[in-house]
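Engineer: Here you go, one structure.
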Amino acid sequence: MLPRRWFLLYYAINVYVSLSATHTLQYFYTGTSGIPNFPEFMTVGMVDGYQIDHYDSITKRAVQKAEWISGAVDPEYWNRNTQIYAGNEPGFKSGIDILKSRFNQTEGE
């Protein structure tokens, strides 16, 4: 009987710790200009420092980068994020153009 109690106690503590864990969700947006064969806009999604998705101005799709994420999100997640990233792309490119003009940078170097 004693081992069973220890198992239940351990399980209860383990569940409690699991439920109280904190996670970090981050999205990194990157814009470039004038680099040949390189996307002008990229987004990378991260959970706890692990990459979960990627979007760029060449593929124009949110792409899964971690196997485990497919079981953690609904089937529309990738289409929804593709639309979000694609919607952010024009504004981000416009921001790069504004910065280039303010810093008098028409090209690299």
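Convention: chains lettered A, B, ... in structure tokens order; per-chain residue numbering from 1; ligands numbered from 1 as shown.
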Within 10 Å of His23 in chain A, counting only C-alpha atoms, which residues show up once you throw out same-chain ones fewer than 3 positions away? Write them as a VMD selection string, please.
Structural biologist: chain A and resid 20 26 47 to 49
Engineer: As an MDAnalysis selection string, please: the residues near Thr82 in chain A (cut-off 12 Å, only C-alpha atoms, same-chain neighbours under 6 positions excluded).
Structural biologist: chainID A and resid 42:45 53:57 59:64 76 88:89
Engineer: Could those residues be written to a file, using N, CA and C atoms, as a CSV table (one decimal), in the first residue's frame?
Structural biologist:
```csv
chain,number,residue,atom,x,y,z
A,42,MET,N,11.2,38.2,-43.4
A,42,MET,CA,11.2,36.8,-42.8
A,42,MET,C,10.6,36.9,-41.4
A,43,THR,N,9.9,35.9,-41.0
A,43,THR,CA,9.4,35.8,-39.6
A,43,THR,C,9.7,34.4,-39.1
A,44,VAL,N,10.1,34.3,-37.9
A,44,VAL,CA,10.4,33.1,-37.2
A,44,VAL,C,9.7,33.0,-35.9
A,45,GLY,N,8.9,32.0,-35.7
A,45,GLY,CA,8.2,31.8,-34.4
A,45,GLY,C,9.0,30.8,-33.5
A,53,ASP,N,8.1,27.8,-36.4
A,53,ASP,CA,7.6,28.1,-37.8
A,53,ASP,C,8.5,29.1,-38.5
A,54,HIS,N,8.3,29.2,-39.8
A,54,HIS,CA,9.2,30.2,-40.6
A,54,HIS,C,8.3,30.6,-41.7
A,55,TYR,N,8.4,31.9,-42.0
A,55,TYR,CA,7.7,32.5,-43.2
A,55,TYR,C,8.7,33.5,-43.8
A,56,ASP,N,8.8,33.5,-45.2
A,56,ASP,CA,9.6,34.5,-45.8
A,56,ASP,C,8.9,35.0,-47.1
A,57,SER,N,9.5,36.1,-47.6
A,57,SER,CA,8.8,36.7,-48.8
A,57,SER,C,9.0,36.0,-50.1
A,59,THR,N,8.8,32.2,-50.2
A,59,THR,CA,7.9,31.1,-50.2
A,59,THR,C,6.4,31.6,-49.9
A,60,LYS,N,6.3,32.7,-49.2
A,60,LYS,CA,5.0,33.2,-48.9
A,60,LYS,C,4.1,32.2,-48.1
A,61,ARG,N,4.6,31.4,-47.3
A,61,ARG,CA,3.9,30.4,-46.5
A,61,ARG,C,4.5,30.2,-45.2
A,62,ALA,N,3.7,30.1,-44.1
A,62,ALA,CA,4.2,29.7,-42.8
A,62,ALA,C,4.5,28.2,-42.9
A,63,VAL,N,5.7,27.8,-42.5
A,63,VAL,CA,6.1,26.4,-42.7
A,63,VAL,C,6.5,25.9,-41.3
A,64,GLN,N,5.9,24.7,-41.0
A,64,GLN,CA,6.2,24.1,-39.7
A,64,GLN,C,7.7,23.7,-39.6
A,76,GLU,N,-6.0,24.9,-38.8
A,76,GLU,CA,-6.0,26.2,-39.5
A,76,GLU,C,-4.9,27.1,-39.1
A,88,ASN,N,1.6,41.5,-42.5
A,88,ASN,CA,2.6,42.3,-41.9
A,88,ASN,C,3.7,42.7,-42.9
A,89,GLU,N,3.9,41.9,-43.9
A,89,GLU,CA,5.0,42.1,-44.9
A,89,GLU,C,5.0,43.5,-45.5
```
Engineer: Hey, which of A:Ile58, A:Ile52, A:Ile84, A:Ile98 ends up closest to Ser70 in chain A? Count only C-alpha atoms.
Structural biologist: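 Smallest separation from Ser70 in chain A among the options: A:Ile52.
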Engineer: Could you jot down the CA of Gln51 in chain A to CA of Lys65 in chain A separation for me, Å, one decimal place?
Structural biologist: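 Straight-line distance from CA of Gln51 in chain A to CA of Lys65 in chain A works out to 6.2 Å.
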Engineer: Which is closer to Thr32 in chain A than all the others in A:Glu67, A:Lys100, A:Trp78, A:Ala86, using only C-alpha atoms?
Structural biologist: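 The closest residue to Thr32 in chain A is A:Lys100.
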Engineer: Kindly give the distance, in Å, that separates CA of Ser94 in chain A and CA of Phe38 in chain A, rounded to a single decimal.
Structural biologist: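 Between these atoms lies a distance of 17.6 Å.
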Engineer: What is the CA of Gly87 in chain A-CA of Thr22 in chain A distance in Å, reported with one decimal?
Structural biologist: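 That distance, rounded to one decimal, is 29.2 Å.
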Engineer: From the set A:Phe41, A:Ile69, A:Pro36, A:Thr24, which residue has the shortest atom-to-atom contact distance to Gly95 in chain A, counting only C-alpha atoms?
Structural biologist: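 Smallest separation from Gly95 in chain A among the options: A:Phe41.
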Engineer: In range 7-105 of chain A, what's strand (DSSP E) per DSSP? Answer as a list of chain:residue names?
Structural biologist: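 Checking each residue of range 7-105 of chain A, the strand (DSSP E) ones are A:Leu25, A:Gln26, A:Tyr27, A:Phe28, A:Tyr29, A:Thr30, A:Gly31, A:Phe41, A:Met42, A:Thr43, A:Val44, A:Gly45, A:Met46, A:Val47, A:Tyr50, A:Gln51, A:Ile52, A:Asp53, A:His54, A:Tyr55, A:Asp56, A:Val63, A:Gln64.
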Engineer: Using N, CA and C atoms, can you write the selected residues to a file as a PDB file, in the first residue's frame?
Structural biologist:
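Saved to again.pdb:
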```pdb
ATOM      1  N   LEU A  25       6.640  32.520 -25.885  1.00  0.00           N
ATOM      2  CA  LEU A  25       6.321  32.533 -27.308  1.00  0.00           C
ATOM      3  C   LEU A  25       6.870  33.829 -27.880  1.00  0.00           C
ATOM      4  N   GLN A  26       7.738  33.706 -28.882  1.00  0.00           N
ATOM      5  CA  GLN A  26       8.359  34.882 -29.483  1.00  0.00           C
ATOM      6  C   GLN A  26       8.248  34.800 -31.000  1.00  0.00           C
ATOM      7  N   TYR A  27       8.100  35.958 -31.619  1.00  0.00           N
ATOM      8  CA  TYR A  27       8.138  36.062 -33.072  1.00  0.00           C
ATOM      9  C   TYR A  27       9.202  37.087 -33.436  1.00  0.00           C
ATOM     10  N   PHE A  28      10.074  36.714 -34.335  1.00  0.00           N
ATOM     11  CA  PHE A  28      11.135  37.600 -34.788  1.00  0.00           C
ATOM     12  C   PHE A  28      10.877  37.968 -36.240  1.00  0.00           C
ATOM     13  N   TYR A  29      10.818  39.259 -36.509  1.00  0.00           N
ATOM     14  CA  TYR A  29      10.616  39.772 -37.859  1.00  0.00           C
ATOM     15  C   TYR A  29      11.930  40.365 -38.337  1.00  0.00           C
ATOM     16  N   THR A  30      12.308  40.041 -39.568  1.00  0.00           N
ATOM     17  CA  THR A  30      13.551  40.548 -40.140  1.00  0.00           C
ATOM     18  C   THR A  30      13.270  41.107 -41.524  1.00  0.00           C
ATOM     19  N   GLY A  31      13.786  42.276 -41.794  1.00  0.00           N
ATOM     20  CA  GLY A  31      13.658  42.888 -43.108  1.00  0.00           C
ATOM     21  C   GLY A  31      15.021  43.195 -43.681  1.00  0.00           C
ATOM     22  N   PHE A  41      11.825  39.814 -46.412  1.00  0.00           N
ATOM     23  CA  PHE A  41      11.035  39.764 -45.183  1.00  0.00           C
ATOM     24  C   PHE A  41      11.008  38.334 -44.672  1.00  0.00           C
ATOM     25  N   MET A  42      11.245  38.167 -43.375  1.00  0.00           N
ATOM     26  CA  MET A  42      11.196  36.843 -42.756  1.00  0.00           C
ATOM     27  C   MET A  42      10.579  36.949 -41.371  1.00  0.00           C
ATOM     28  N   THR A  43       9.886  35.893 -40.978  1.00  0.00           N
ATOM     29  CA  THR A  43       9.355  35.772 -39.627  1.00  0.00           C
ATOM     30  C   THR A  43       9.711  34.388 -39.114  1.00  0.00           C
ATOM     31  N   VAL A  44      10.146  34.331 -37.866  1.00  0.00           N
ATOM     32  CA  VAL A  44      10.449  33.059 -37.215  1.00  0.00           C
ATOM     33  C   VAL A  44       9.683  33.032 -35.902  1.00  0.00           C
ATOM     34  N   GLY A  45       8.904  31.967 -35.685  1.00  0.00           N
ATOM     35  CA  GLY A  45       8.194  31.774 -34.425  1.00  0.00           C
ATOM     36  C   GLY A  45       8.978  30.827 -33.538  1.00  0.00           C
ATOM     37  N   MET A  46       9.079  31.169 -32.247  1.00  0.00           N
ATOM     38  CA  MET A  46       9.846  30.368 -31.293  1.00  0.00           C
ATOM     39  C   MET A  46       9.003  30.105 -30.044  1.00  0.00           C
ATOM     40  N   VAL A  47       9.106  28.888 -29.510  1.00  0.00           N
ATOM     41  CA  VAL A  47       8.532  28.554 -28.208  1.00  0.00           C
ATOM     42  C   VAL A  47       9.661  28.028 -27.344  1.00  0.00           C
ATOM     43  N   TYR A  50      12.884  27.257 -29.084  1.00  0.00           N
ATOM     44  CA  TYR A  50      12.874  26.297 -30.192  1.00  0.00           C
ATOM     45  C   TYR A  50      12.025  26.846 -31.335  1.00  0.00           C
ATOM     46  N   GLN A  51      12.547  26.772 -32.532  1.00  0.00           N
ATOM     47  CA  GLN A  51      11.826  27.293 -33.688  1.00  0.00           C
ATOM     48  C   GLN A  51      10.626  26.417 -33.997  1.00  0.00           C
ATOM     49  N   ILE A  52       9.450  27.057 -34.165  1.00  0.00           N
ATOM     50  CA  ILE A  52       8.239  26.314 -34.501  1.00  0.00           C
ATOM     51  C   ILE A  52       7.761  26.587 -35.919  1.00  0.00           C
ATOM     52  N   ASP A  53       8.052  27.777 -36.444  1.00  0.00           N
ATOM     53  CA  ASP A  53       7.634  28.060 -37.816  1.00  0.00           C
ATOM     54  C   ASP A  53       8.536  29.098 -38.458  1.00  0.00           C
ATOM     55  N   HIS A  54       8.339  29.247 -39.769  1.00  0.00           N
ATOM     56  CA  HIS A  54       9.157  30.153 -40.571  1.00  0.00           C
ATOM     57  C   HIS A  54       8.301  30.649 -41.731  1.00  0.00           C
ATOM     58  N   TYR A  55       8.419  31.932 -42.036  1.00  0.00           N
ATOM     59  CA  TYR A  55       7.745  32.534 -43.188  1.00  0.00           C
ATOM     60  C   TYR A  55       8.750  33.466 -43.839  1.00  0.00           C
ATOM     61  N   ASP A  56       8.762  33.500 -45.165  1.00  0.00           N
ATOM     62  CA  ASP A  56       9.600  34.493 -45.840  1.00  0.00           C
ATOM     63  C   ASP A  56       8.918  34.985 -47.102  1.00  0.00           C
ATOM     64  N   VAL A  63       5.685  27.816 -42.547  1.00  0.00           N
ATOM     65  CA  VAL A  63       6.138  26.432 -42.654  1.00  0.00           C
ATOM     66  C   VAL A  63       6.469  25.904 -41.264  1.00  0.00           C
ATOM     67  N   GLN A  64       5.945  24.736 -40.957  1.00  0.00           N
ATOM     68  CA  GLN A  64       6.203  24.087 -39.670  1.00  0.00           C
ATOM     69  C   GLN A  64       7.672  23.687 -39.564  1.00  0.00           C
TER      70      GLN A  64
END
```
Engineer: Considering only C-alpha atoms, can you say which of A:Lys93, A:Phe103, A:Ala72, A:Tyr77 comes closest to Pro39 in chain A?
Structural biologist: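 Of A:Lys93, A:Phe103, A:Ala72, A:Tyr77, the one nearest Pro39 in chain A is A:Lys93, counting only C-alpha atoms.
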